[in-house]
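Data from entry-v2.cif: mmCIF, C-alpha atoms
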data_start
loop_
_atom_site.group_PDB
_atom_site.id
_atom_site.type_symbol
_atom_site.label_atom_id
_atom_site.label_comp_id
_atom_site.auth_asym_id
_atom_site.auth_seq_id
_atom_site.Cartn_x
_atom_site.Cartn_y
_atom_site.Cartn_z
ATOM 1 C CA MET A 7 99.336 106.807 118.502
ATOM 2 C CA ALA A 8 99.325 103.617 120.554
ATOM 3 C CA PRO A 9 102.635 101.949 121.384
ATOM 4 C CA ARG A 10 103.972 99.387 118.961
ATOM 5 C CA ALA A 11 105.491 96.245 120.344
ATOM 6 C CA SER A 12 107.718 93.938 118.402
ATOM 7 C CA SER A 13 108.820 91.489 121.042
ATOM 8 C CA ALA A 14 106.593 89.532 123.364
ATOM 9 C CA SER A 15 106.622 90.041 127.099
ATOM 10 C CA PRO A 16 106.378 86.804 129.099
ATOM 11 C CA SER A 17 102.719 87.511 129.964
ATOM 12 C CA CYS A 18 101.650 87.741 126.278
ATOM 13 C CA SER A 19 104.067 85.381 124.541
ATOM 14 C CA LYS A 20 101.588 82.479 124.722
ATOM 15 C CA ALA A 21 98.398 84.524 124.762
ATOM 16 C CA SER A 22 95.385 83.313 122.846
ATOM 17 C CA ILE A 23 94.522 85.516 119.884
ATOM 18 C CA ARG A 24 90.959 86.506 119.012
ATOM 19 C CA TRP A 25 90.200 88.229 115.730
ATOM 20 C CA GLY A 26 87.655 90.988 115.303
ATOM 21 C CA LYS A 27 86.936 92.453 111.905
ATOM 22 C CA VAL A 28 89.252 91.262 109.126
ATOM 23 C CA THR A 29 88.991 92.918 105.715
ATOM 24 C CA VAL A 30 90.917 91.967 102.595
ATOM 25 C CA GLY A 31 90.967 94.023 99.419
ATOM 26 C CA THR A 32 93.206 95.347 96.691
ATOM 27 C CA LYS A 33 94.334 98.973 96.808
ATOM 28 C CA LEU A 34 95.846 101.082 94.071
ATOM 29 C CA ILE A 35 99.431 102.110 94.837
ATOM 30 C CA ALA A 36 100.617 103.556 91.492
ATOM 31 C CA VAL A 37 99.612 104.450 87.954
ATOM 32 C CA SER A 38 101.689 104.781 84.829
ATOM 33 C CA GLN A 39 102.004 107.739 82.563
ATOM 34 C CA LEU A 40 99.260 108.017 79.946
ATOM 35 C CA VAL A 41 100.488 106.328 76.764
ATOM 36 C CA THR A 42 98.957 107.612 73.532
ATOM 37 C CA VAL A 43 99.307 105.525 70.362
ATOM 38 C CA GLU A 44 97.995 106.914 67.055
ATOM 39 C CA ASP A 45 96.548 104.676 64.308
ATOM 40 C CA GLY A 46 99.397 103.178 62.295
ATOM 41 C CA GLN A 47 102.034 104.309 64.799
ATOM 42 C CA ASP A 48 104.648 101.639 65.590
ATOM 43 C CA VAL A 49 105.654 102.263 69.209
ATOM 44 C CA GLY A 50 106.348 98.631 70.169
ATOM 45 C CA TRP A 51 107.422 98.091 73.779
ATOM 46 C CA VAL A 52 107.056 101.070 76.119
ATOM 47 C CA LYS A 53 108.574 101.237 79.616
ATOM 48 C CA LEU A 54 105.858 102.213 82.071
ATOM 49 C CA SER A 55 107.094 104.466 84.871
ATOM 50 C CA PRO A 56 105.250 104.364 88.200
ATOM 51 C CA ARG A 57 103.511 107.494 89.463
ATOM 52 C CA HIS A 58 102.963 107.099 93.201
ATOM 53 C CA VAL A 59 99.330 107.203 94.417
ATOM 54 C CA ARG A 60 99.579 105.803 97.962
ATOM 55 C CA THR A 61 101.918 103.881 100.227
ATOM 56 C CA VAL A 62 100.789 100.956 102.340
ATOM 57 C CA THR A 63 103.109 100.201 105.266
ATOM 58 C CA SER A 64 102.674 97.079 107.344
ATOM 59 C CA ARG A 65 102.187 97.906 111.029
ATOM 60 C CA ILE A 66 100.744 96.743 114.341
ATOM 61 C CA GLU A 67 99.216 99.092 116.893
ATOM 62 C CA ALA A 68 98.206 97.886 120.352
ATOM 63 C CA SER A 69 96.848 99.122 123.686
ATOM 64 C CA GLY A 70 99.756 97.580 125.546
ATOM 65 C CA GLY A 71 103.203 96.158 125.083
ATOM 66 C CA GLY A 72 104.306 92.615 124.564
ATOM 67 C CA VAL A 73 102.524 91.871 121.308
ATOM 68 C CA PRO A 74 104.065 88.668 119.864
ATOM 69 C CA THR A 75 104.338 89.949 116.290
ATOM 70 C CA ARG A 76 105.288 86.627 114.689
ATOM 71 C CA ARG A 77 102.449 84.781 116.417
ATOM 72 C CA VAL A 78 99.912 87.446 115.461
ATOM 73 C CA PHE A 79 100.944 87.306 111.797
ATOM 74 C CA ALA A 80 101.040 83.485 111.811
ATOM 75 C CA SER A 81 97.546 83.405 113.330
ATOM 76 C CA LEU A 82 96.247 85.833 110.696
ATOM 77 C CA GLU A 83 97.765 83.794 107.877
ATOM 78 C CA LYS A 84 96.207 80.625 109.302
ATOM 79 C CA ARG A 85 92.815 82.362 109.654
ATOM 80 C CA LEU A 86 92.994 83.384 105.987
ATOM 81 C CA GLY A 87 94.058 79.912 104.859
ATOM 82 C CA TYR A 88 97.754 80.384 104.071
ATOM 83 C CA ASP A 89 100.284 77.631 104.761
ATOM 84 C CA SER A 90 103.421 79.788 104.817
ATOM 85 C CA PRO A 91 104.366 83.366 105.709
ATOM 86 C CA THR A 92 102.757 85.604 103.119
ATOM 87 C CA PHE A 93 102.248 89.074 104.543
ATOM 88 C CA ARG A 94 104.874 91.783 104.942
ATOM 89 C CA ARG A 95 106.050 92.289 108.501
ATOM 90 C CA PRO A 96 105.857 95.675 110.276
ATOM 91 C CA GLY A 97 107.846 98.433 108.616
ATOM 92 C CA LYS A 98 107.738 97.034 105.071
ATOM 93 C CA SER A 99 106.169 99.436 102.581
ATOM 94 C CA THR A 100 104.884 99.267 99.041
ATOM 95 C CA SER A 101 107.176 102.168 98.074
ATOM 96 C CA ALA A 102 110.217 99.902 98.284
ATOM 97 C CA ARG A 103 108.510 97.342 96.024
ATOM 98 C CA LEU A 104 107.720 99.979 93.419
ATOM 99 C CA GLU A 105 111.264 101.353 93.464
ATOM 100 C CA LYS A 106 112.662 97.850 92.974
ATOM 101 C CA ASP A 107 110.180 96.417 90.447
ATOM 102 C CA GLY A 108 108.617 99.420 88.700
ATOM 103 C CA LEU A 109 105.651 98.722 86.441
ATOM 104 C CA GLY A 110 107.468 96.911 83.637
ATOM 105 C CA SER A 111 106.801 97.402 79.948
ATOM 106 C CA ALA A 112 103.900 96.819 77.586
ATOM 107 C CA ASP A 113 103.779 96.095 73.859
ATOM 108 C CA PHE A 114 101.502 98.533 72.059
ATOM 109 C CA LEU A 115 102.318 97.332 68.528
ATOM 110 C CA GLY A 116 99.116 97.392 66.493
ATOM 111 C CA HIS A 117 97.043 98.994 69.246
ATOM 112 C CA ALA A 118 95.811 102.570 68.899
ATOM 113 C CA GLY A 119 94.375 104.567 71.778
ATOM 114 C CA ARG A 120 95.261 105.957 75.178
ATOM 115 C CA PHE A 121 96.422 103.482 77.803
ATOM 116 C CA VAL A 122 97.254 103.428 81.507
ATOM 117 C CA MET A 123 98.723 100.741 83.769
ATOM 118 C CA ALA A 124 97.576 100.369 87.377
ATOM 119 C CA ALA A 125 99.570 98.674 90.147
ATOM 120 C CA GLY A 126 97.885 97.384 93.282
ATOM 121 C CA VAL A 127 98.556 95.216 96.310
ATOM 122 C CA ARG A 128 96.303 93.058 98.445
ATOM 123 C CA VAL A 129 95.787 94.810 101.795
ATOM 124 C CA VAL A 130 94.580 93.203 105.016
ATOM 125 C CA GLU A 131 93.247 95.279 107.902
ATOM 126 C CA ALA A 132 92.301 93.465 111.094
ATOM 127 C CA SER A 133 91.581 94.015 114.760
ATOM 128 C CA PHE A 134 92.593 91.524 117.432
ATOM 129 C CA ALA A 135 92.668 90.836 121.153
ATOM 130 C CA LEU A 136 95.343 89.011 123.122
ATOM 131 C CA ASP A 137 94.228 87.330 126.337
ATOM 132 C CA CYS A 138 97.567 87.705 128.100
ATOM 133 C CA SER A 139 96.882 86.385 131.600
ATOM 134 C CA GLY A 140 93.419 84.951 131.359
ATOM 135 C CA SER A 141 91.443 87.939 132.634
ATOM 136 C CA ALA A 142 89.741 90.769 130.760
ATOM 137 C CA ASP A 143 91.857 93.297 132.679
ATOM 138 C CA SER A 144 95.023 91.861 131.168
ATOM 139 C CA SER A 145 93.817 91.775 127.571
ATOM 140 C CA VAL A 146 95.701 93.737 124.938
ATOM 141 C CA TYR A 147 93.695 95.095 122.007
ATOM 142 C CA GLY A 148 95.120 96.109 118.708
ATOM 143 C CA SER A 149 94.967 96.269 114.970
ATOM 144 C CA LEU A 150 97.228 95.585 112.086
ATOM 145 C CA VAL A 151 97.609 96.572 108.473
ATOM 146 C CA THR A 152 99.657 94.430 106.144
ATOM 147 C CA TRP A 153 99.967 93.677 102.451
ATOM 148 C CA ASP A 154 101.235 91.107 100.023
ATOM 149 C CA GLY A 155 101.587 90.389 96.355
ATOM 150 C CA SER A 156 100.966 92.746 93.558
ATOM 151 C CA GLY A 157 98.614 93.040 90.681
ATOM 152 C CA GLY A 158 98.532 95.027 87.514
ATOM 153 C CA ALA A 159 95.895 96.073 85.041
ATOM 154 C CA LEU A 160 96.485 97.649 81.641
ATOM 155 C CA MET A 161 93.460 99.664 80.563
ATOM 156 C CA LYS A 162 92.434 101.496 77.446
ATOM 157 C CA CYS A 163 90.828 104.870 78.046
ATOM 158 C CA GLY A 164 87.281 104.858 76.708
ATOM 159 C CA ILE A 165 86.592 101.323 77.924
ATOM 160 C CA VAL A 166 85.353 102.070 81.423
ATOM 161 C CA PRO A 167 85.994 99.395 84.090
ATOM 162 C CA GLU A 168 82.988 98.570 86.251
ATOM 163 C CA LYS A 169 82.631 100.409 89.539
ATOM 164 C CA GLY A 170 84.049 98.600 92.550
ATOM 165 C CA LYS A 171 87.082 97.210 90.760
ATOM 166 C CA TRP A 172 90.315 98.358 92.410
ATOM 167 C CA PHE A 173 91.780 99.545 89.096
ATOM 168 C CA ARG A 174 88.783 101.785 88.363
ATOM 169 C CA GLU A 175 90.460 104.401 90.571
ATOM 170 C CA ALA A 176 93.461 104.471 88.186
ATOM 171 C CA TYR A 177 91.178 104.873 85.195
ATOM 172 C CA ASP A 178 89.369 107.780 86.866
ATOM 173 C CA LEU A 179 92.665 109.455 87.791
ATOM 174 C CA VAL A 180 94.516 109.159 84.491
ATOM 175 C CA CYS A 181 92.096 108.831 81.591
ATOM 176 C CA PRO A 182 91.005 112.258 80.310
ATOM 177 C CA GLY A 183 87.286 112.896 80.534
ATOM 178 C CA SER A 184 86.568 109.893 82.768
ATOM 179 C CA ARG A 185 83.804 110.104 85.345
ATOM 180 C CA SER A 186 83.385 108.200 88.587
#
Using structure tokens, write down the structure that the file contains.
Amino acid sequence: MAPRASSASPSCSKASIRWGKVTVGTKLIAVSQLVTVEDGQDVGWVKLSPRHVRTVTSRIEASGGGVPTRRVFASLEKRLGYDSPTFRRPGKSTSARLEKDGLGSADFLGHAGRFVMAAGVRVVEASFALDCSGSADSSVYGSLVTWDGSGGALMKCGIVPEKGKWFREAYDLVCPGSRS
């Protein structure tokens, strides 16, 4: 694994930042238990417990030291059109968010069927170059993964979400008899 740098060396602290490929998408991080409600059953509010699917941890990897972490994140946020710090800094993981917030509760009063809740976060993966001293030999290349926000989707088994939606993965994992 390439070294990770969290503080800028003098040669890279004011480096220009060039972005390569930047992808943004929502990834599933947890599903709830399957909730089954029979016709006429009055279950009301049900606490939905998270079942871990994956962890996303914010990180920067680079070919050299001296990566100005704050500047790189600020540049990414500006490139994506954000006015204030939005993304989680290196070391922050979605596991901590799930432990703190859980999935909440849902009211199933008057609704029969089998249900599942999906939790996801927006994930950004990007490559970058820092021109540290003005020559190609002094460039530092790297990539980052970060995340922000959260989203949820409550689905009824039997009503299949369209392919390509981030929560389709939860449906395929939890709903009995589902097919990808």
Open item on the list: To test your reading of the syntax: which residues would the PyMOL selection byres ((chain A and resi 109-122) around 12) return for the file shown? Reply as number ranges by chain.
Closed with: A: 35-58, 103-108, 123-126, 156-166, 173-183
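Proximity ranking of A:Gly31, A:Ala21, A:Gly87, A:Gly70 relative to Glu131 (chain A) places A:Gly31 first, based on only C-alpha atoms.
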Open item on the list: My list of candidates is A:Val130, A:Ala102, A:Ser19, A:Thr92. Which is closest to Thr75 (chain A) when distances are computed with only C-alpha atoms?
Closed with: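 When distances to Thr75 (chain A) are compared using only C-alpha atoms, the smallest one comes from A:Ser19.
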Open item on the list: List as a PyMOL selection string the residues having at least one atom at most 12 Å from position (100.2, 93.8, 104.0) as given in the file, counting all atoms listed in the file.
Closed with: chain A and resi 29-33+61-66+79+82-83+91-100+126-132+150-156
TODO: Could you tell me how far CA of Leu136 (chain A) lies from CA of Val78 (chain A), in Å and to one decimal?
DONE: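 Separation of CA of Leu136 (chain A) and CA of Val78 (chain A): 9.1 Å.
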TODO: Could you please determine the separation between CA of Ala68 (chain A) and CA of Lys27 (chain A) in Å, to one decimal place?
DONE: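 Between these atoms lies a distance of 15.1 Å.
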- [ ] Figure out the distance between CA of Val28 (chain A) and CA of Glu168 (chain A), please, to one decimal in Å.
- [x]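 Between CA of Glu168 (chain A) and CA of Val28 (chain A) the gap works out to 24.8 Å.
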Task: Which residue of A:Lys169, A:Pro74, A:Gly148, A:Ala80 approaches Ala135 (chain A) most closely, using all atoms listed in the file - done: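 Ranked by minimum distance to Ala135 (chain A), first place goes to A:Gly148.
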Task: Selected residue of minimal separation from Gly71 (chain A) among A:Trp172, A:Ile23, A:Ser145, A:Pro167, counting only C-alpha atoms - done: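 Ranking A:Trp172, A:Ile23, A:Ser145, A:Pro167 by distance to Gly71 (chain A), first place goes to A:Ser145.
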Open item on the list: Quick one: residues within 10 Å of Ser81 (chain A), only C-alpha atoms, excluding same-chain residues fewer than 4 positions away - as a list in words?
Closed with: Ser22, Ile23, Arg24, Trp25, Thr75, Arg76, Arg77, Arg85, Leu86, Gly87 and Tyr88 of chain A
Task: Residue among A:Ser149, A:Ser144, A:Ser101, A:Ser139 lying closest to Glu67 (chain A), counting only C-alpha atoms - done: A:Ser149
TODO: Compare A:Lys84, A:Leu34, A:Ser90, A:Asp137 by their minimum atom-to-atom distance to Lys20 (chain A), counting only C-alpha atoms, and give me the closest one.
DONE: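 Between A:Lys84, A:Leu34, A:Ser90, A:Asp137, the residue approaching Lys20 (chain A) most closely is A:Asp137.
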